[in-house]
Structure formats: C-alpha cells, structure tokens
file target01.txt (compact mmCIF, C-alpha atoms)
# COMPACT_ATOMS: atom_id res chain seq x y z
CA MET E 1 -3.92 8.69 -18.09
CA GLU E 2 -1.11 11.04 -19.12
CA SER E 3 -0.22 12.08 -15.57
CA VAL E 4 0.59 8.47 -14.64
CA LYS E 5 2.88 8.17 -17.67
CA GLN E 6 4.70 11.29 -16.47
CA LEU E 7 4.92 9.78 -12.98
CA LYS E 8 6.47 6.58 -14.34
CA ARG E 9 9.00 8.52 -16.42
CA LYS E 10 10.00 10.66 -13.45
CA MET E 11 10.25 7.76 -11.01
CA ALA E 12 12.23 5.72 -13.57
CA ASP E 13 15.16 8.10 -13.01
CA VAL E 14 15.34 6.96 -9.38
CA ILE E 15 13.78 3.49 -9.27
CA ILE E 16 14.93 1.35 -12.18
CA GLY E 17 12.58 -1.22 -13.72
CA LYS E 18 9.64 -0.78 -11.35
CA GLU E 19 7.08 0.95 -13.58
CA GLU E 20 4.32 -1.48 -12.63
CA VAL E 21 5.02 -1.00 -8.91
CA VAL E 22 4.78 2.78 -9.36
CA GLU E 23 1.42 2.40 -11.11
CA LEU E 24 0.15 0.19 -8.27
CA LEU E 25 1.26 2.75 -5.68
CA PHE E 26 -0.69 5.43 -7.55
CA ASN E 27 -3.71 3.12 -7.72
CA ALA E 28 -3.60 2.77 -3.94
CA LEU E 29 -3.22 6.53 -3.42
CA ILE E 30 -6.26 7.48 -5.52
CA ASN E 31 -8.26 4.78 -3.72
CA LYS E 32 -7.29 6.04 -0.25
CA GLY E 33 -5.45 2.76 0.28
CA HIS E 34 -2.28 1.75 2.09
CA VAL E 35 0.63 -0.26 0.70
CA LEU E 36 2.84 -2.93 2.24
CA LEU E 37 6.21 -3.34 0.48
CA GLU E 38 8.00 -6.59 1.20
CA SER E 39 11.40 -7.75 -0.01
CA VAL E 40 14.87 -8.59 1.22
CA PRO E 41 16.99 -5.70 2.54
CA GLY E 42 18.62 -3.37 0.05
CA THR E 43 16.16 -3.72 -2.85
CA GLY E 44 14.95 -0.12 -2.70
CA LYS E 45 11.75 -0.29 -0.63
CA THR E 46 12.50 2.85 1.38
CA MET E 47 13.87 4.68 -1.66
CA LEU E 48 10.69 3.85 -3.60
CA ALA E 49 8.44 5.18 -0.83
CA LYS E 50 10.46 8.38 -0.41
CA SER E 51 10.62 8.98 -4.16
CA PHE E 52 6.89 8.44 -4.59
CA ALA E 53 6.15 10.84 -1.75
CA LYS E 54 8.27 13.53 -3.39
CA THR E 55 6.10 13.42 -6.52
CA VAL E 56 3.13 14.62 -4.47
CA GLU E 57 3.15 18.17 -3.12
CA ALA E 58 2.13 16.99 0.32
CA ASP E 59 3.51 16.48 3.83
CA PHE E 60 5.74 13.44 4.24
CA LYS E 61 7.04 11.84 7.43
CA ARG E 62 8.94 8.70 8.24
CA ILE E 63 8.96 6.41 11.27
CA GLN E 64 11.80 3.93 11.69
CA PHE E 65 10.22 1.11 13.66
CA THR E 66 12.28 -0.72 16.26
CA PRO E 67 11.20 -2.87 19.24
CA ASP E 68 11.51 0.09 21.64
CA VAL E 69 9.23 2.45 19.67
CA LEU E 70 6.09 3.19 21.72
CA PRO E 71 2.53 3.85 20.46
CA SER E 72 2.84 7.46 21.65
CA ASP E 73 5.91 7.87 19.44
CA VAL E 74 3.56 7.27 16.50
CA THR E 75 0.33 8.98 17.52
CA GLY E 76 1.54 11.77 19.84
CA ILE E 77 1.16 12.72 23.50
CA GLN E 78 -0.38 15.17 25.95
CA PHE E 79 2.50 16.82 27.80
CA PHE E 80 2.56 19.20 30.73
CA ASN E 81 3.87 22.68 29.97
CA PRO E 82 5.30 23.97 33.29
CA LYS E 83 5.47 27.53 32.01
CA GLU E 84 1.77 27.66 31.11
CA GLN E 85 0.76 25.18 33.83
CA THR E 86 -1.43 23.35 31.31
CA PHE E 87 -1.41 20.13 29.31
CA GLU E 88 -0.72 20.57 25.61
CA LEU E 89 -1.29 18.24 22.71
CA ARG E 90 1.72 17.26 20.65
CA PRO E 91 0.65 15.16 17.62
CA GLY E 92 3.09 12.51 16.43
CA PRO E 93 4.37 11.85 12.91
CA ILE E 94 1.02 10.23 12.09
CA MET E 95 -0.32 13.73 11.35
CA THR E 96 0.85 13.90 7.75
CA ASN E 97 -0.27 13.07 4.21
CA ILE E 98 2.13 10.28 3.29
CA LEU E 99 3.64 8.24 6.12
CA LEU E 100 6.54 5.86 5.60
CA ALA E 101 6.41 3.14 8.24
CA ASP E 102 9.87 1.64 7.77
CA GLU E 103 10.39 -1.99 8.85
CA ILE E 104 6.96 -2.12 10.48
CA ASN E 105 7.38 -5.75 11.56
CA ARG E 106 10.23 -4.80 13.88
CA ALA E 107 7.77 -2.94 16.13
CA THR E 108 5.93 -4.72 18.93
CA PRO E 109 2.27 -5.69 18.40
CA ARG E 110 1.20 -2.90 20.76
CA THR E 111 2.96 -0.29 18.62
CA GLN E 112 1.72 -1.86 15.38
CA SER E 113 -1.84 -1.57 16.67
CA SER E 114 -1.43 2.20 17.05
CA LEU E 115 -1.80 2.40 13.27
CA LEU E 116 -5.09 0.48 13.12
CA GLU E 117 -7.41 3.40 13.86
CA VAL E 118 -5.70 5.87 11.56
CA MET E 119 -5.46 3.43 8.63
CA GLU E 120 -9.16 2.61 8.75
CA GLU E 121 -10.86 5.77 10.02
CA ARG E 122 -8.42 8.55 9.07
CA GLN E 123 -8.34 9.81 12.63
CA VAL E 124 -6.12 9.43 15.66
CA THR E 125 -7.06 9.42 19.36
CA ILE E 126 -4.52 10.87 21.79
CA ASP E 127 -5.42 10.58 25.47
CA GLY E 128 -9.13 10.65 24.67
CA GLN E 129 -8.94 13.49 22.16
CA THR E 130 -9.74 12.52 18.57
CA LEU E 131 -8.11 14.40 15.70
CA PRO E 132 -8.94 13.96 11.99
CA ILE E 133 -6.05 13.28 9.60
CA PRO E 134 -5.92 15.74 6.67
CA GLY E 135 -6.42 14.20 3.23
CA PRO E 136 -4.96 12.74 1.22
CA PHE E 137 -3.51 10.21 3.65
CA MET E 138 -1.53 7.08 2.86
CA VAL E 139 0.65 4.67 4.81
CA VAL E 140 3.50 3.04 2.90
CA ALA E 141 4.94 0.33 5.14
CA THR E 142 8.02 -1.76 4.46
CA GLN E 143 9.03 -5.06 5.94
CA ASN E 144 11.72 -7.63 5.38
CA PRO E 145 10.57 -11.25 4.96
CA ILE E 146 9.71 -12.52 8.41
CA GLU E 147 11.38 -15.90 7.98
CA SER E 148 14.77 -14.26 7.32
CA GLN E 149 14.74 -11.97 10.35
CA GLN E 150 15.37 -12.28 14.06
CA GLY E 151 13.47 -10.07 16.49
CA THR E 152 10.49 -9.38 14.23
CA PHE E 153 6.78 -9.49 15.04
CA PRO E 154 4.51 -10.80 12.27
CA LEU E 155 1.68 -8.42 11.44
CA PRO E 156 -1.66 -9.75 12.72
CA GLU E 157 -4.47 -10.55 10.29
CA ALA E 158 -6.40 -7.42 11.30
CA GLN E 159 -3.43 -5.26 10.37
CA MET E 160 -2.75 -7.08 7.10
CA ASP E 161 -6.38 -6.67 6.07
CA ARG E 162 -6.03 -2.89 6.29
CA PHE E 163 -3.38 -2.79 3.60
CA PHE E 164 -4.95 -2.14 0.21
CA ILE E 165 -2.21 -3.99 -1.66
CA GLN E 166 0.98 -5.88 -0.90
CA LEU E 167 3.93 -5.62 -3.29
CA ASP E 168 7.12 -7.64 -3.54
CA MET E 169 9.99 -5.53 -4.87
CA GLY E 170 12.23 -8.44 -5.84
CA TYR E 171 15.75 -8.27 -7.21
CA PRO E 172 16.52 -6.24 -10.34
CA THR E 173 17.56 -7.97 -13.55
CA PHE E 174 21.18 -7.94 -14.73
CA GLU E 175 20.56 -5.01 -17.11
CA GLU E 176 18.49 -3.08 -14.54
CA GLU E 177 21.22 -3.41 -11.94
CA LYS E 178 23.77 -2.21 -14.49
CA GLN E 179 21.61 0.88 -15.03
CA ILE E 180 21.55 1.41 -11.26
CA LEU E 181 25.35 1.37 -11.15
CA ASN E 182 25.55 3.97 -13.91
CA ARG E 183 22.76 6.16 -12.58
CA TYR E 184 24.07 6.38 -9.02
CA ARG E 185 27.79 6.52 -9.79
CA GLU E 186 28.14 10.30 -9.48
CA ASP E 187 24.75 11.55 -8.33
CA ASP E 188 21.67 10.79 -6.25
CA PRO E 189 18.69 11.15 -8.61
CA ILE E 190 16.16 11.51 -5.78
CA GLN E 191 17.55 14.97 -5.07
CA HIS E 192 16.24 16.16 -8.44
CA LEU E 193 12.69 14.85 -8.04
CA THR E 194 9.97 17.51 -7.99
CA ALA E 195 6.25 17.30 -7.29
CA LEU E 196 3.91 16.32 -10.11
CA PHE E 197 0.62 16.48 -8.22
CA SER E 198 -0.83 18.87 -5.68
CA LYS E 199 -2.93 17.66 -2.76
CA ASP E 200 -6.06 19.06 -4.42
CA GLU E 201 -5.34 17.11 -7.61
CA ILE E 202 -5.02 13.87 -5.64
CA LEU E 203 -8.32 14.60 -3.86
CA ASP E 204 -9.93 15.18 -7.28
CA PHE E 205 -8.55 11.85 -8.54
CA GLN E 206 -10.00 10.15 -5.46
CA GLN E 207 -13.45 11.45 -6.34
CA ASP E 208 -13.19 10.71 -10.07
CA VAL E 209 -12.12 7.08 -9.66
CA LYS E 210 -15.34 6.31 -7.76
CA LYS E 211 -17.31 7.17 -10.92
CA VAL E 212 -15.77 4.32 -12.93
CA LYS E 213 -18.63 1.94 -13.79
CA VAL E 214 -18.72 -1.61 -12.44
CA SER E 215 -21.30 -3.79 -14.20
CA SER E 216 -23.21 -6.62 -12.54
CA VAL E 217 -21.18 -9.11 -14.59
CA VAL E 218 -17.94 -7.76 -13.13
CA GLU E 219 -19.44 -7.63 -9.63
CA ASP E 220 -20.38 -11.33 -9.93
CA TYR E 221 -16.84 -12.15 -11.10
CA ILE E 222 -15.37 -10.36 -8.05
CA LEU E 223 -17.73 -12.18 -5.71
CA GLU E 224 -17.02 -15.57 -7.27
CA ILE E 225 -13.29 -15.10 -6.71
CA VAL E 226 -13.80 -14.01 -3.11
CA HIS E 227 -16.21 -16.84 -2.29
CA LYS E 228 -13.83 -19.40 -3.81
CA THR E 229 -11.19 -18.28 -1.29
CA ARG E 230 -13.64 -19.07 1.49
CA SER E 231 -14.29 -22.62 0.27
CA HIS E 232 -10.80 -23.61 -0.96
CA GLU E 233 -9.57 -26.74 0.81
CA GLU E 234 -6.15 -25.24 1.58
CA ILE E 235 -7.36 -21.84 2.82
CA GLU E 236 -8.29 -21.58 6.49
CA VAL E 237 -9.45 -17.94 6.44
CA GLY E 238 -10.76 -16.47 3.19
CA VAL E 239 -11.03 -12.90 1.98
CA SER E 240 -13.13 -10.56 4.14
CA PRO E 241 -15.81 -8.14 2.85
CA ARG E 242 -13.19 -5.40 3.25
CA GLY E 243 -11.09 -7.32 0.76
CA THR E 244 -14.04 -7.60 -1.62
CA LEU E 245 -14.45 -3.82 -1.61
CA ALA E 246 -10.70 -3.34 -2.04
CA LEU E 247 -10.67 -5.57 -5.12
CA MET E 248 -13.52 -3.62 -6.70
CA ARG E 249 -11.81 -0.30 -6.01
CA ALA E 250 -8.45 -1.55 -7.27
CA ALA E 251 -10.13 -2.66 -10.51
CA GLN E 252 -11.74 0.79 -10.80
CA GLY E 253 -8.31 2.33 -10.28
CA SER E 254 -6.79 0.12 -12.98
CA ALA E 255 -9.49 1.16 -15.44
CA TYR E 256 -9.16 4.84 -14.50
CA ILE E 257 -5.38 4.83 -14.92
CA ASN E 258 -5.81 3.24 -18.35
CA GLY E 259 -8.28 5.94 -19.41
CA ARG E 260 -11.48 3.88 -19.25
CA GLU E 261 -14.79 4.75 -17.63
CA TYR E 262 -15.70 1.13 -17.01
CA VAL E 263 -14.08 -1.92 -15.41
CA LEU E 264 -13.19 -5.00 -17.44
CA PRO E 265 -12.84 -8.50 -15.96
CA GLU E 266 -9.15 -8.26 -16.91
CA ASP E 267 -8.79 -5.37 -14.45
CA VAL E 268 -10.15 -7.60 -11.69
CA LYS E 269 -7.88 -10.51 -12.58
CA LYS E 270 -4.83 -8.25 -12.86
CA MET E 271 -5.37 -6.72 -9.41
CA SER E 272 -6.48 -9.88 -7.57
CA THR E 273 -3.00 -11.10 -6.61
CA TYR E 274 -1.91 -7.72 -5.22
CA VAL E 275 -5.14 -7.13 -3.30
CA LEU E 276 -6.07 -10.60 -2.03
CA SER E 277 -2.93 -12.70 -1.48
CA HIS E 278 -2.09 -11.12 1.89
CA ARG E 279 -5.71 -11.39 3.06
CA ILE E 280 -5.92 -15.18 3.08
CA VAL E 281 -4.59 -17.54 5.74
CA LEU E 282 -3.55 -20.99 4.57
CA THR E 283 -4.10 -24.22 6.45
CA MET E 284 -1.04 -25.79 8.05
CA GLU E 285 -0.86 -28.38 5.29
CA GLY E 286 -1.36 -25.80 2.55
CA SER E 287 1.34 -23.47 3.89
CA LEU E 288 3.90 -26.30 3.81
CA LYS E 289 3.37 -26.93 0.11
CA LYS E 290 2.44 -23.59 -1.46
CA THR E 291 2.57 -19.83 -1.06
CA ASN E 292 -0.42 -17.51 -0.77
CA LYS E 293 0.09 -16.33 -4.34
CA GLN E 294 0.19 -19.90 -5.69
CA ILE E 295 -3.06 -20.73 -3.91
CA LEU E 296 -4.67 -17.52 -5.16
CA ASN E 297 -3.65 -18.35 -8.73
CA GLU E 298 -5.39 -21.71 -8.25
CA VAL E 299 -8.53 -19.85 -7.15
CA LEU E 300 -8.39 -17.58 -10.21
CA SER E 301 -7.99 -20.58 -12.51
CA ARG E 302 -11.19 -22.10 -11.08
CA VAL E 303 -13.29 -19.04 -11.89
CA THR E 304 -14.28 -18.46 -15.49
CA VAL E 305 -13.41 -15.00 -16.76
CA PRO E 306 -16.66 -13.55 -18.11
CA VAL E 307 -17.03 -11.92 -21.50
CA GLU E 308 -17.82 -8.34 -20.52
CA ALA E 309 -19.52 -5.62 -22.49
CA THR E 310 -18.33 -2.02 -22.05
CA ASN E 311 -21.42 -0.79 -20.22
call {"tool": "encode", "arguments": {"input": "target01.txt", "output": "structure tokens"}}
result
Amino acid sequence: MESVKQLKRKMADVIIGKEEVVELLFNALINKGHVLLESVPGTGKTMLAKSFAKTVEADFKRIQFTPDVLPSDVTGIQFFNPKEQTFELRPGPIMTNILLADEINRATPRTQSSLLEVMEERQVTIDGQTLPIPGPFMVVATQNPIESQQGTFPLPEAQMDRFFIQLDMGYPTFEEEKQILNRYREDDPIQHLTALFSKDEILDFQQDVKKVKVSSVVEDYILEIVHKTRSHEEIEVGVSPRGTLALMRAAQGSAYINGREYVLPEDVKKMSTYVLSHRIVLTMEGSLKKTNKQILNEVLSRVTVPVEATN
C-alpha cells in the first residue's frame, strides 16, 4: 500500500526507527481501533501520537490526565447560561477525531471509566443527552510502566480490553539515538509535518479493509490461539470474544497494508502479540515467572501454523 510507505517516510523525519509502530498505528486507525502506548518516560510516546495525528487532516485534541481530572473534564458538561437563563451543552475534548489521552493511568478509575462508552460505542452521554462522535475516531493513550510510578491507577481489565493493540516504544538503538541528536539539534521536525490523508480517505480505508477475505482455515487458526489462552495453566483470564474479533481485524489490516486481498496465517501470528498480550491475566504464580508476552509466545508455539491457500 503506497500511502503507508509515504506515511512511514514522513513520520521517519520525526520519529526515528519506529516504522513498524507507525504501521501498527495505521492498522488500528483503519480498523476503528484504539492504541495504548507504554514505555518509560521520554521515549517519544506523546511525540509519536501528535505526529501521527498531524498526518491525518482531522480534528486532534489532547487530555493530560492527572489525579484531579474529573469525568466531566473529558466528556463535557451542561452549564447554566445566566444571560439566556437556560442550560447549554458544552462538549469536552472527547468530541474530536483523534484523541491523545496522555498518561492515562494517572487518572482515577472514575475518570478512566468516562472513556469506556466512547471507545466502544462511538458516542458520549452528557447529563442524559447522548451525542455521536464524528468518524473517524481513535484514542491514542500513553502510560508509563505502572511498577515504576507512584500515584498511578492500573487500568482495569474492561478498559484494557477496549484497546485494539498495545505497543511498547522501547529505547532507541545507539545509531537511532545519534540520528535523533542530529535531527533535533537546530529544528523541530514535527513543525514541518503536513496531512497525508483526509477524513474521507480514512473512512474509505475503513470500509475497504473489511473486504479482505478470511478463509475458514485462518478462522480456525485464530480460534485455536484464543482457546489456548483460555486453557493455559498460567493464564487466569483468557482472551475475550472482543479480542478474537480484534485479532481477525488486525490480520485483515496487515494483509490490506501489504496489498493483499486475503489474510495469511502469518498475518495472524504477526499481530497476535500486539492484539492479545494485554487481554490476558496471568495467575499469581505465572506473573512471578513470566510476562504476558512470554506466555503468549508459549501459546503461539503450541498452535500449528496452517498451510494456507490464497482463497
């Protein structure tokens, strides 16, 4: 898909060495999914989200989450206008196309839950009045690792399950960080970013990706992976049906981005870690010995990758 190659080239001027992350963000966008970026502070999570938003000719808003942010600060309020002697609706920053929820795990559970309705149903309810969110709509949330932070509130399972994929930014390599020093020495490249896609183009992509064929062989492969997570001895809570659908759609997105009209088992395997690792809950014993990704890799190794025809 030529447009994704252009996106990678453009983003590479701002975010060094993260071409795969950019492709995964685009996969989530065309699948109407939301993304959770996790890494230690200073690795470019917020810069990545802002840069990606600038490549789409759409509305962009940011919320900096702190413990004192209220649900109404996110969704909006009904306020009394003394001049008109009436109540008026003032929508919050949630009414946008791309929303950056910065450091989401610093908000209280009550405020975190204000995003549940809009992430799942693309609508927001303010004092009993329900408003649809214009498409396309995407939440890009960032969080620092919970174990390294004080005053954070871990996202509940219901919230985690609503994120299409979870990405770990990680540290740049020696050479990548040297490029960062040179690139940002005299200029800020994000200032020169321009939009590549219109809102209508994104909506068209969202319709086209649904047409990518998924054979019964690939469907069975997806289901075998998911059901293995539900029977693994070190997994307490396996992947939900929402996660099953997300894996299928992510595989469709991978095929679509690579210019194919059909999904290969390799697409499923490639996307499994990003889509499923944050949707499983390990047992106490399992969490002491391994990470979610390590357990998920064990699951993948127990499922035979089928030989798939192209139809």
call {"tool": "closest_residue", "arguments": {"input": "target01.txt", "among": "E:Thr229, E:Val140, E:Asp220, E:Lys54", "to": "Ile165 (chain E)", "atoms": "only C-alpha atoms"}}
result
E:Val140
call {"tool": "closest_residue", "arguments": {"input": "target01.txt", "among": "E:Ile295, E:Ala141, E:Ala158, E:Ile98", "to": "Glu120 (chain E)", "atoms": "all atoms listed in the file"}}
result
E:Ala158
call {"tool": "closest_residue", "arguments": {"input": "target01.txt", "among": "E:Thr194, E:Glu298, E:Arg122, E:Val214", "to": "Gln6 (chain E)", "atoms": "all atoms listed in the file"}}
result
E:Thr194
call {"tool": "residues_around", "arguments": {"input": "target01.txt", "residues": "Arg302 (chain E)", "least_positions_apart": "3", "cutoff": "9 Å", "atoms": "all atoms listed in the file", "output": "VMD selection string"}}
result
chain E and resid 225 228 297 to 299
call {"tool": "closest_atom_pairs", "arguments": {"input": "target01.txt", "of": "region 27-134 of chain E", "to": "region 276-290 of chain E", "cutoff": "12 Å", "atoms": "only C-alpha atoms", "output": "CSV"}}
result
residue,atom,partner,partner_atom,distance
E:Val35,CA,E:His278,CA,11.3
E:Leu36,CA,E:His278,CA,9.6
E:Leu37,CA,E:His278,CA,11.5
E:Glu38,CA,E:His278,CA,11.1
call {"tool": "atom_distance", "arguments": {"input": "target01.txt", "atom1": "CA of Met11 (chain E)", "atom2": "CA of Gln64 (chain E)"}}
result
23.1 Å
call {"tool": "residues_around", "arguments": {"input": "target01.txt", "residues": "Met169 (chain E)", "least_positions_apart": "4", "cutoff": "8 Å", "atoms": "all atoms listed in the file", "output": "tab-separated table (two decimals) with C-alpha atoms, in the coordinates of the input"}}
result
chain	number	residue	atom	x	y	z
E	21	VAL	CA	5.02	-1.00	-8.91
E	37	LEU	CA	6.21	-3.34	0.48
E	38	GLU	CA	8.00	-6.59	1.20
E	39	SER	CA	11.40	-7.75	-0.01
E	43	THR	CA	16.16	-3.72	-2.85
E	44	GLY	CA	14.95	-0.12	-2.70
E	45	LYS	CA	11.75	-0.29	-0.63
call {"tool": "closest_residue", "arguments": {"input": "target01.txt", "among": "E:Gln191, E:Pro145, E:Lys178, E:Pro91", "to": "Asp73 (chain E)", "atoms": "all atoms listed in the file"}}
result
E:Pro91
call {"tool": "closest_residue", "arguments": {"input": "target01.txt", "among": "E:Pro67, E:Gly92, E:Gly238, E:Pro109", "to": "Thr125 (chain E)", "atoms": "all atoms listed in the file"}}
result
E:Gly92
call {"tool": "closest_residue", "arguments": {"input": "target01.txt", "among": "E:Ile222, E:Val275, E:Ala250, E:Ile16", "to": "Val305 (chain E)", "atoms": "all atoms listed in the file"}}
result
E:Ile222
call {"tool": "atom_distance", "arguments": {"input": "target01.txt", "atom1": "CA of Glu103 (chain E)", "atom2": "CA of Met47 (chain E)"}}
result
12.9 Å
call {"tool": "residues_around", "arguments": {"input": "target01.txt", "residues": "Gly259 (chain E)", "least_positions_apart": "6", "cutoff": "10 Å", "atoms": "all atoms listed in the file", "output": "MDAnalysis selection string"}}
result
chainID E and resid 1:2 253
call {"tool": "atom_distance", "arguments": {"input": "target01.txt", "atom1": "CA of Val226 (chain E)", "atom2": "CA of Lys269 (chain E)"}}
result
11.7 Å
call {"tool": "residues_around", "arguments": {"input": "target01.txt", "residues": "Ile77 (chain E)", "least_positions_apart": "5", "cutoff": "10 Å", "atoms": "all atoms listed in the file", "output": "PyMOL selection string"}}
result
chain E and resi 71-72+87-92+125-127
call {"tool": "residues_near_point", "arguments": {"input": "target01.txt", "point": "(-3.7, 17.8, 4.5)", "cutoff": "7 Å", "atoms": "only C-alpha atoms", "output": "list in words"}}
result
Thr96, Asn97, Pro134, Gly135 and Pro136 of chain E
call {"tool": "axis_aligned_box", "arguments": {"input": "target01.txt", "around": "region 71-85 of chain E", "padding_each_side": "3 Å", "output": "lines of an AutoDock Vina configuration file"}}
result
center_x = 2.8
center_y = 15.8
center_z = 25.2
size_x = 12.3
size_y = 29.8
size_z = 23.3
